[in-house]
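Structure below is protein_34.cif: mmCIF, C-alpha atoms.
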```
data_entry
loop_
_atom_site.label_atom_id
_atom_site.label_comp_id
_atom_site.auth_asym_id
_atom_site.auth_seq_id
_atom_site.Cartn_x
_atom_site.Cartn_y
_atom_site.Cartn_z
CA MET K 1 -5.14 -3.59 12.01
CA VAL K 2 -3.16 -1.59 9.50
CA PRO K 3 -3.58 -3.64 6.34
CA ASP K 4 -0.72 -4.67 4.11
CA ARG K 5 -2.87 -3.95 1.09
CA ILE K 6 -5.10 -1.37 -0.48
CA GLU K 7 -8.32 -2.13 -2.35
CA ARG K 8 -10.18 0.09 -4.74
CA GLU K 9 -13.16 -0.46 -7.04
CA ILE K 10 -14.95 1.38 -9.81
CA SER K 11 -18.06 0.86 -11.94
CA ILE K 12 -17.50 1.21 -15.66
CA ASP K 13 -20.19 1.55 -18.29
CA ALA K 14 -18.47 -0.75 -20.78
CA PRO K 15 -18.38 -4.55 -21.23
CA VAL K 16 -15.64 -6.62 -19.55
CA GLU K 17 -13.95 -7.32 -22.89
CA ARG K 18 -13.53 -3.61 -23.49
CA VAL K 19 -12.18 -2.99 -19.98
CA TRP K 20 -9.85 -5.97 -20.38
CA SER K 21 -8.35 -4.34 -23.50
CA VAL K 22 -7.86 -1.06 -21.69
CA ILE K 23 -6.03 -2.61 -18.73
CA THR K 24 -3.86 -5.03 -20.73
CA GLU K 25 -2.95 -3.33 -24.02
CA ALA K 26 0.18 -1.21 -24.17
CA GLU K 27 -1.53 1.50 -26.19
CA HIS K 28 -4.01 2.09 -23.35
CA ILE K 29 -1.67 1.42 -20.42
CA GLY K 30 0.51 4.21 -21.73
CA ARG K 31 -2.42 6.56 -21.13
CA TRP K 32 -4.03 5.53 -17.86
CA PHE K 33 -0.90 4.42 -16.10
CA GLY K 34 1.93 6.42 -17.62
CA ASP K 35 1.95 9.32 -20.04
CA ALA K 36 4.84 8.41 -22.35
CA GLY K 37 4.18 4.89 -23.52
CA ALA K 38 4.13 1.35 -22.19
CA VAL K 39 5.38 -2.07 -23.24
CA ILE K 40 3.81 -5.33 -22.15
CA ASP K 41 4.40 -8.98 -22.96
CA LEU K 42 1.02 -10.29 -21.84
CA ARG K 43 1.85 -13.74 -20.47
CA PRO K 44 3.03 -15.02 -17.08
CA GLY K 45 6.65 -13.96 -16.62
CA GLY K 46 6.35 -11.41 -19.44
CA ARG K 47 7.97 -8.03 -18.98
CA PHE K 48 6.06 -4.88 -18.35
CA SER K 49 7.24 -1.30 -18.44
CA CYS K 50 5.54 2.03 -18.30
CA THR K 51 7.04 5.46 -18.81
CA TRP K 52 6.32 8.93 -17.53
CA ALA K 53 7.90 11.83 -19.42
CA GLN K 54 8.83 13.49 -16.17
CA TYR K 55 9.56 10.57 -13.87
CA GLY K 56 11.11 7.82 -15.95
CA THR K 57 10.18 4.18 -16.39
CA VAL K 58 8.70 1.66 -13.99
CA LEU K 59 9.50 -2.01 -14.61
CA GLY K 60 7.31 -4.98 -13.80
CA VAL K 61 6.63 -8.64 -14.47
CA VAL K 62 3.27 -10.11 -15.49
CA GLU K 63 2.02 -12.81 -13.08
CA ARG K 64 -1.42 -14.11 -14.08
CA VAL K 65 -3.42 -13.55 -17.26
CA GLU K 66 -6.98 -14.90 -17.32
CA PRO K 67 -8.92 -12.98 -19.98
CA PRO K 68 -11.22 -11.24 -19.51
CA ARG K 69 -11.57 -11.59 -15.74
CA PHE K 70 -8.20 -11.41 -13.99
CA PHE K 71 -4.80 -9.82 -14.58
CA SER K 72 -1.94 -9.41 -12.13
CA TYR K 73 1.61 -8.13 -12.18
CA ARG K 74 4.40 -7.11 -9.83
CA TRP K 75 6.09 -3.75 -10.15
CA ALA K 76 9.32 -2.54 -8.66
CA ARG K 77 10.54 0.40 -6.66
CA PRO K 78 12.19 2.70 -7.35
CA ASN K 79 11.67 3.71 -10.99
CA GLY K 80 14.08 1.88 -13.28
CA ALA K 81 14.70 -1.06 -10.94
CA GLU K 82 14.11 -4.65 -12.07
CA VAL K 83 11.63 -6.67 -10.02
CA GLN K 84 13.48 -8.65 -7.38
CA SER K 85 12.98 -9.85 -3.85
CA GLY K 86 12.14 -7.03 -1.46
CA ASN K 87 11.43 -4.25 -3.97
CA SER K 88 8.06 -4.98 -5.53
CA THR K 89 4.36 -5.03 -4.78
CA LEU K 90 1.63 -7.16 -6.38
CA VAL K 91 -1.20 -5.53 -8.33
CA GLU K 92 -4.31 -7.65 -8.99
CA LEU K 93 -7.06 -6.43 -11.28
CA SER K 94 -10.40 -8.30 -11.27
CA LEU K 95 -13.24 -7.67 -13.72
CA THR K 96 -16.81 -8.68 -12.96
CA PRO K 97 -19.74 -8.23 -15.37
CA ASP K 98 -22.36 -5.92 -13.88
CA GLY K 99 -25.41 -5.67 -16.15
CA THR K 100 -24.00 -4.32 -19.40
CA GLY K 101 -21.07 -2.80 -17.53
CA THR K 102 -18.12 -3.92 -15.46
CA ARG K 103 -16.98 -3.72 -11.86
CA LEU K 104 -13.22 -3.27 -11.85
CA ARG K 105 -11.43 -3.98 -8.59
CA VAL K 106 -7.77 -3.42 -7.84
CA VAL K 107 -5.81 -4.83 -4.92
CA GLU K 108 -2.21 -3.79 -4.34
CA SER K 109 -0.41 -5.77 -1.65
CA GLY K 110 3.01 -6.68 -0.29
CA PHE K 111 4.08 -3.35 1.21
CA ARG K 112 5.30 -5.23 4.25
CA ASP K 113 7.92 -7.00 2.16
CA LEU K 114 9.53 -3.87 0.75
CA ASP K 115 13.06 -3.62 2.12
CA GLY K 116 13.88 -0.07 1.32
CA THR K 117 17.03 1.44 2.72
CA ASP K 118 16.80 4.93 4.10
CA ASP K 119 18.42 6.17 0.88
CA THR K 120 15.77 4.72 -1.38
CA ARG K 121 13.08 5.89 1.01
CA ALA K 122 14.40 9.41 0.75
CA LYS K 123 14.20 9.03 -3.02
CA TYR K 124 10.55 7.96 -2.87
CA ALA K 125 9.85 10.93 -0.70
CA GLU K 126 11.38 13.20 -3.34
CA GLU K 127 9.37 11.58 -6.11
CA ASN K 128 6.22 12.25 -4.20
CA THR K 129 6.53 15.97 -3.55
CA GLY K 130 3.45 16.71 -5.64
CA GLY K 131 1.17 14.07 -4.21
CA TRP K 132 0.48 15.21 -0.70
CA LYS K 133 -2.51 17.43 -1.28
CA SER K 134 -4.77 14.68 -2.56
CA GLU K 135 -3.43 12.36 0.10
CA LEU K 136 -4.64 14.48 2.95
CA ALA K 137 -8.17 14.46 1.62
CA GLU K 138 -7.92 10.74 1.06
CA LEU K 139 -6.60 10.06 4.53
CA ALA K 140 -9.84 10.83 6.27
CA THR K 141 -11.76 8.40 4.09
CA TYR K 142 -9.06 5.78 4.22
CA VAL K 143 -8.53 5.80 7.94
CA ALA K 144 -12.26 5.75 8.52
CA ARG K 145 -12.38 2.45 6.66
CA GLN K 146 -9.83 0.75 8.89
CA PRO K 147 -11.39 -2.09 10.90
CA VAL K 148 -9.84 -0.86 14.14
CA MET I 149 0.10 13.48 -13.37
CA MET I 150 1.15 11.23 -10.56
CA PRO I 151 4.80 10.25 -10.37
CA GLY I 152 5.71 6.87 -11.81
CA ARG I 153 6.04 5.03 -8.59
CA GLY I 154 4.63 7.90 -6.76
CA ALA I 155 3.93 7.22 -3.17
CA ALA I 156 6.47 8.13 -0.59
CA THR I 157 7.54 5.35 1.67
CA SER I 158 6.96 6.36 5.22
CA PRO I 159 10.01 6.04 7.43
CA ARG I 160 10.49 2.38 8.29
CA ALA I 161 7.11 1.39 6.90
CA ASP I 162 8.25 -2.23 6.66
CA GLU I 163 9.03 -2.29 10.38
CA VAL I 164 5.65 -0.82 11.15
CA PHE I 165 3.88 -3.47 9.06
CA ALA I 166 5.94 -6.25 10.63
CA ALA I 167 5.23 -4.95 14.12
CA LEU I 168 1.51 -4.77 13.43
CA ALA I 169 1.29 -8.13 11.71
CA ASP I 170 0.95 -9.80 15.10
CA GLY I 171 -2.43 -9.97 16.82
CA THR I 172 -0.99 -9.68 20.33
CA ARG I 173 0.93 -6.53 19.46
CA TRP I 174 -2.13 -5.03 17.87
CA GLN I 175 -4.04 -5.81 21.08
CA LEU I 176 -1.29 -4.21 23.17
CA LEU I 177 -1.34 -1.08 21.06
CA ASN I 178 -5.09 -0.79 21.39
CA ALA I 179 -4.91 -1.34 25.15
CA LEU I 180 -2.30 1.40 25.46
CA ALA I 181 -4.34 3.72 23.30
CA ALA I 182 -7.43 3.08 25.43
CA GLN I 183 -5.69 3.33 28.82
CA GLY I 184 -3.29 6.16 28.01
CA ASP I 185 -0.32 4.21 29.30
CA GLY I 186 0.59 0.90 30.92
CA THR I 187 3.35 -1.31 32.25
CA ALA I 188 4.13 -4.83 31.12
CA THR I 189 2.43 -6.06 34.29
CA THR I 190 -0.79 -4.08 33.93
CA LEU I 191 -0.97 -4.93 30.22
CA ALA I 192 -0.40 -8.66 30.80
CA ALA I 193 -3.23 -8.68 33.33
CA GLY I 194 -5.75 -8.05 30.56
CA MET I 195 -4.33 -10.60 28.16
CA THR I 196 -3.91 -14.32 27.69
CA VAL I 197 -0.12 -14.14 27.22
CA SER I 198 2.54 -13.98 29.94
CA ARG I 199 4.22 -10.83 31.21
CA VAL I 200 7.49 -12.04 29.65
CA ALA I 201 5.78 -12.30 26.25
CA VAL I 202 4.29 -8.84 26.70
CA VAL I 203 7.77 -7.42 27.42
CA LYS I 204 9.06 -8.96 24.17
CA HIS I 205 6.16 -7.62 22.13
CA LEU I 206 6.57 -4.16 23.65
CA ALA I 207 10.24 -4.24 22.62
CA VAL I 208 9.22 -4.91 19.01
CA LEU I 209 6.72 -2.06 19.12
CA ASP I 210 9.40 0.17 20.63
CA ARG I 211 11.91 -0.65 17.87
CA ALA I 212 9.28 0.11 15.24
CA GLY I 213 8.71 3.50 16.86
CA LEU I 214 5.11 2.70 17.75
CA VAL I 215 5.44 3.04 21.53
CA LYS I 216 7.62 5.10 23.84
CA ARG I 217 9.13 3.92 27.12
CA ARG I 218 9.06 6.12 30.17
CA ARG I 219 10.97 5.09 33.24
CA ARG I 220 9.43 6.21 36.51
CA GLY I 221 11.50 4.98 39.42
CA ARG I 222 11.61 1.21 39.11
CA GLU I 223 8.64 1.17 36.79
CA VAL I 224 8.69 1.32 32.98
CA ARG I 225 5.52 2.74 31.51
CA TYR I 226 4.62 2.62 27.83
CA VAL I 227 2.62 5.10 25.78
CA VAL I 228 1.57 5.03 22.12
CA ARG I 229 3.53 7.09 19.61
CA PRO I 230 0.97 7.77 16.89
CA GLU I 231 3.28 9.51 14.38
CA ARG I 232 4.51 6.43 12.56
CA LEU I 233 1.16 4.77 12.47
CA GLU I 234 -0.26 7.93 10.96
CA ALA I 235 2.62 8.21 8.49
CA THR I 236 2.01 4.63 7.38
CA ALA I 237 -1.72 5.24 7.01
CA ARG I 238 -0.95 8.37 4.97
CA TRP I 239 1.42 6.42 2.77
CA LEU I 240 -1.23 3.76 2.08
CA ALA I 241 -3.80 6.49 1.51
CA SER I 242 -1.54 8.07 -1.11
CA ILE I 243 -1.25 4.75 -2.94
CA ALA I 244 -5.03 4.33 -2.78
CA ALA I 245 -5.49 7.86 -4.15
CA GLU I 246 -3.20 7.07 -7.07
CA TRP I 247 -5.32 4.03 -7.88
CA ASP I 248 -8.47 6.13 -7.75
CA THR I 249 -6.89 8.42 -10.34
CA ARG I 250 -5.88 5.45 -12.52
CA LEU I 251 -9.27 3.72 -12.23
CA ALA I 252 -10.98 6.96 -13.24
CA ALA I 253 -8.70 7.15 -16.30
CA ILE I 254 -9.45 3.51 -17.20
CA LYS I 255 -13.17 4.29 -16.93
CA ARG I 256 -12.84 7.34 -19.20
CA ILE I 257 -10.91 5.41 -21.85
CA ALA I 258 -13.19 2.33 -21.73
CA GLU I 259 -16.39 4.36 -21.91
CA ALA I 260 -15.05 6.51 -24.76
CA GLY I 261 -14.29 3.39 -26.82
#
```

Please render this file's structure as structure tokens.
Amino acid sequence: MVPDRIEREISIDAPVERVWSVITEAEHIGRWFGDAGAVIDLRPGGRFSCTWAQYGTVLGVVERVEPPRFFSYRWARPNGAEVQSGNSTLVELSLTPDGTGTRLRVVESGFRDLDGTDDTRAKYAEENTGGWKSELAELATYVARQPV
Amino acid sequence: MMPGRGAATSPRADEVFAALADGTRWQLLNALAAQGDGTATTLAAGMTVSRVAVVKHLAVLDRAGLVKRRRRGREVRYVVRPERLEATARWLASIAAEWDTRLAAIKRIAEAG
């Protein structure tokens, strides 16, 4: 079945506490997520925003904060929109110690609940004009993983 | 750099997800894909649900653009339309690719510290 979620994982040669800092501190988020700064109020219900020089700011709301193992937030579409019903997906980041390193797993879910009018869809399509090359390579791998 | 909320939404992705969220519809789609085409009657023969239920599920799949109806005399045959399914898979793949990029950046930053 086509899943309503994507899952990705990576092995990092750094302790969970270090990875926790990178994924939850504004200074770092502004680098790995955006490229022009980020703001985060790290508590449930706290606001989250991340900015790209070229594309504007994405807004989100922190959901769960369980240092140093679990962090989740919702973020809204399109850029600039506040999180509300029908416009956001849930991102869950889990950290697991692995020897002296860390397994970091991300799950993004809730695509089924995105309303999206045709207008906003057209806007997403515009925002994405640069992304299709990597997608095509990814598609083969991704589709191969579907439990059809 | 990836766009802020980069991935394109495939046309009517929410309808596609809703249509596929049901096990019977997923079964119908797979049966059509395997057989090439089918009618509500032939499809119901291979399933535990009634022909009436199959007709309803096919209507949902039709509205989501996942199957196409072809009338042949008194018979309505259904075939799979793969385009939307593929567009949805591509959309999810683009989101997954963005996360791969972000996870790689997290790794670089964490290991440099």

Scan for residues within 12 Å of the point (1.4, -8.9, 10.7) in the coordinates of the file, using all atoms listed in the file, and reply as a PyMOL selection string. (chain K and resi 1-5+110-113) or (chain I and resi 162-174)

So what does the PyMOL selection byres ((chain I and resi 202) around 9) actually pick up in this one, as an NGL selection string? :I and (172-173 or 176 or 188-189 or 191-192 or 195 or 197-201 or 203-207)

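Rounded to one decimal, atom CA of K:Ile12 and atom CA of K:Asp41 lie 25.2 Å from each other.
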
To verify the selection step, state as JSON, numbers by chain which residues the PyMOL selection byres ((chain I and resi 260) around 12) yields on this input. {"K": [12, 13, 14, 18, 19, 22, 28], "I": [253, 254, 255, 256, 257, 258, 259, 261]}

Output C-alpha atoms of each residue in that selection to a file, as a short mmCIF file (atom, residue, chain, number, x, y, z; two decimals), in the frame of the given file.
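Saved to result_16.cif:
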```cif
data_model
loop_
_atom_site.label_atom_id
_atom_site.label_comp_id
_atom_site.auth_asym_id
_atom_site.auth_seq_id
_atom_site.Cartn_x
_atom_site.Cartn_y
_atom_site.Cartn_z
CA ILE K 12 -17.50 1.21 -15.66
CA ASP K 13 -20.19 1.55 -18.29
CA ALA K 14 -18.47 -0.75 -20.78
CA ARG K 18 -13.53 -3.61 -23.49
CA VAL K 19 -12.18 -2.99 -19.98
CA VAL K 22 -7.86 -1.06 -21.69
CA HIS K 28 -4.01 2.09 -23.35
CA ALA I 253 -8.70 7.15 -16.30
CA ILE I 254 -9.45 3.51 -17.20
CA LYS I 255 -13.17 4.29 -16.93
CA ARG I 256 -12.84 7.34 -19.20
CA ILE I 257 -10.91 5.41 -21.85
CA ALA I 258 -13.19 2.33 -21.73
CA GLU I 259 -16.39 4.36 -21.91
CA GLY I 261 -14.29 3.39 -26.82
#
```

Apply the PyMOL selection byres ((chain I and resi 223) around 12) to the file shown and report the selected residues as a list in words. Gly186, Thr187, Ala188, Thr189, Thr190, Arg217, Arg218, Arg219, Arg220, Gly221, Arg222, Val224, Arg225 and Tyr226 of chain I

Between atom CA of I:Trp247 and atom CA of K:Glu7 - distance in Å to one decimal: 8.8 Å

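Nearest residue to chain I among K:Glu25, K:Glu82, K:Glu9, K:Glu63 is K:Glu9, counting only C-alpha atoms.
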
Residues within 8 Å of K:Arg47, please, as a list in words. Count only C-alpha atoms; anything in the same chain fewer than 2 positions from it doesn't count. Val39, Ile40, Asp41, Leu42, Gly45, Ser49, Leu59, Gly60, Val61 and Val62 of chain K

Your completed stretch 172-193 of chain I with N, CA and C atoms, as a PDB file, in the coordinates of the input:
```pdb
ATOM      1  N   THR I 172      -1.258 -10.083  18.947  1.00  0.00           N
ATOM      2  CA  THR I 172      -0.990  -9.680  20.330  1.00  0.00           C
ATOM      3  C   THR I 172      -0.483  -8.232  20.387  1.00  0.00           C
ATOM      4  N   ARG I 173       0.388  -7.898  19.462  1.00  0.00           N
ATOM      5  CA  ARG I 173       0.930  -6.530  19.460  1.00  0.00           C
ATOM      6  C   ARG I 173      -0.155  -5.513  19.122  1.00  0.00           C
ATOM      7  N   TRP I 174      -1.028  -5.917  18.223  1.00  0.00           N
ATOM      8  CA  TRP I 174      -2.130  -5.030  17.870  1.00  0.00           C
ATOM      9  C   TRP I 174      -3.031  -4.806  19.091  1.00  0.00           C
ATOM     10  N   GLN I 175      -3.246  -5.878  19.844  1.00  0.00           N
ATOM     11  CA  GLN I 175      -4.040  -5.810  21.080  1.00  0.00           C
ATOM     12  C   GLN I 175      -3.359  -4.890  22.108  1.00  0.00           C
ATOM     13  N   LEU I 176      -2.051  -5.043  22.228  1.00  0.00           N
ATOM     14  CA  LEU I 176      -1.290  -4.210  23.170  1.00  0.00           C
ATOM     15  C   LEU I 176      -1.406  -2.732  22.812  1.00  0.00           C
ATOM     16  N   LEU I 177      -1.272  -2.465  21.526  1.00  0.00           N
ATOM     17  CA  LEU I 177      -1.340  -1.080  21.060  1.00  0.00           C
ATOM     18  C   LEU I 177      -2.710  -0.481  21.354  1.00  0.00           C
ATOM     19  N   ASN I 178      -3.740  -1.277  21.113  1.00  0.00           N
ATOM     20  CA  ASN I 178      -5.090  -0.790  21.390  1.00  0.00           C
ATOM     21  C   ASN I 178      -5.329  -0.594  22.879  1.00  0.00           C
ATOM     22  N   ALA I 179      -4.773  -1.488  23.701  1.00  0.00           N
ATOM     23  CA  ALA I 179      -4.910  -1.340  25.150  1.00  0.00           C
ATOM     24  C   ALA I 179      -4.221  -0.065  25.623  1.00  0.00           C
ATOM     25  N   LEU I 180      -3.025   0.179  25.086  1.00  0.00           N
ATOM     26  CA  LEU I 180      -2.300   1.400  25.460  1.00  0.00           C
ATOM     27  C   LEU I 180      -3.045   2.646  25.013  1.00  0.00           C
ATOM     28  N   ALA I 181      -3.592   2.577  23.813  1.00  0.00           N
ATOM     29  CA  ALA I 181      -4.340   3.720  23.300  1.00  0.00           C
ATOM     30  C   ALA I 181      -5.559   3.995  24.171  1.00  0.00           C
ATOM     31  N   ALA I 182      -6.214   2.926  24.625  1.00  0.00           N
ATOM     32  CA  ALA I 182      -7.430   3.080  25.430  1.00  0.00           C
ATOM     33  C   ALA I 182      -7.104   3.563  26.850  1.00  0.00           C
ATOM     34  N   GLN I 183      -6.007   3.029  27.415  1.00  0.00           N
ATOM     35  CA  GLN I 183      -5.690   3.330  28.820  1.00  0.00           C
ATOM     36  C   GLN I 183      -4.783   4.545  28.982  1.00  0.00           C
ATOM     37  N   GLY I 184      -4.204   5.030  27.885  1.00  0.00           N
ATOM     38  CA  GLY I 184      -3.290   6.160  28.010  1.00  0.00           C
ATOM     39  C   GLY I 184      -1.857   5.697  28.188  1.00  0.00           C
ATOM     40  N   ASP I 185      -1.643   4.817  29.154  1.00  0.00           N
ATOM     41  CA  ASP I 185      -0.320   4.210  29.300  1.00  0.00           C
ATOM     42  C   ASP I 185      -0.471   2.893  30.046  1.00  0.00           C
ATOM     43  N   GLY I 186       0.648   2.178  30.214  1.00  0.00           N
ATOM     44  CA  GLY I 186       0.590   0.900  30.920  1.00  0.00           C
ATOM     45  C   GLY I 186       1.978   0.351  31.145  1.00  0.00           C
ATOM     46  N   THR I 187       2.092  -0.589  32.052  1.00  0.00           N
ATOM     47  CA  THR I 187       3.350  -1.310  32.250  1.00  0.00           C
ATOM     48  C   THR I 187       3.143  -2.720  31.727  1.00  0.00           C
ATOM     49  N   ALA I 188       4.241  -3.445  31.588  1.00  0.00           N
ATOM     50  CA  ALA I 188       4.130  -4.830  31.120  1.00  0.00           C
ATOM     51  C   ALA I 188       3.186  -5.619  32.030  1.00  0.00           C
ATOM     52  N   THR I 189       3.262  -5.331  33.327  1.00  0.00           N
ATOM     53  CA  THR I 189       2.430  -6.060  34.290  1.00  0.00           C
ATOM     54  C   THR I 189       0.944  -5.733  34.128  1.00  0.00           C
ATOM     55  N   THR I 190       0.626  -4.431  34.060  1.00  0.00           N
ATOM     56  CA  THR I 190      -0.790  -4.080  33.930  1.00  0.00           C
ATOM     57  C   THR I 190      -1.342  -4.561  32.586  1.00  0.00           C
ATOM     58  N   LEU I 191      -0.512  -4.495  31.545  1.00  0.00           N
ATOM     59  CA  LEU I 191      -0.970  -4.930  30.220  1.00  0.00           C
ATOM     60  C   LEU I 191      -1.186  -6.447  30.191  1.00  0.00           C
ATOM     61  N   ALA I 192      -0.281  -7.196  30.809  1.00  0.00           N
ATOM     62  CA  ALA I 192      -0.400  -8.660  30.800  1.00  0.00           C
ATOM     63  C   ALA I 192      -1.643  -9.110  31.554  1.00  0.00           C
ATOM     64  N   ALA I 193      -2.060  -8.309  32.531  1.00  0.00           N
ATOM     65  CA  ALA I 193      -3.230  -8.680  33.330  1.00  0.00           C
ATOM     66  C   ALA I 193      -4.484  -8.811  32.464  1.00  0.00           C
TER      67      ALA I 193
END
```
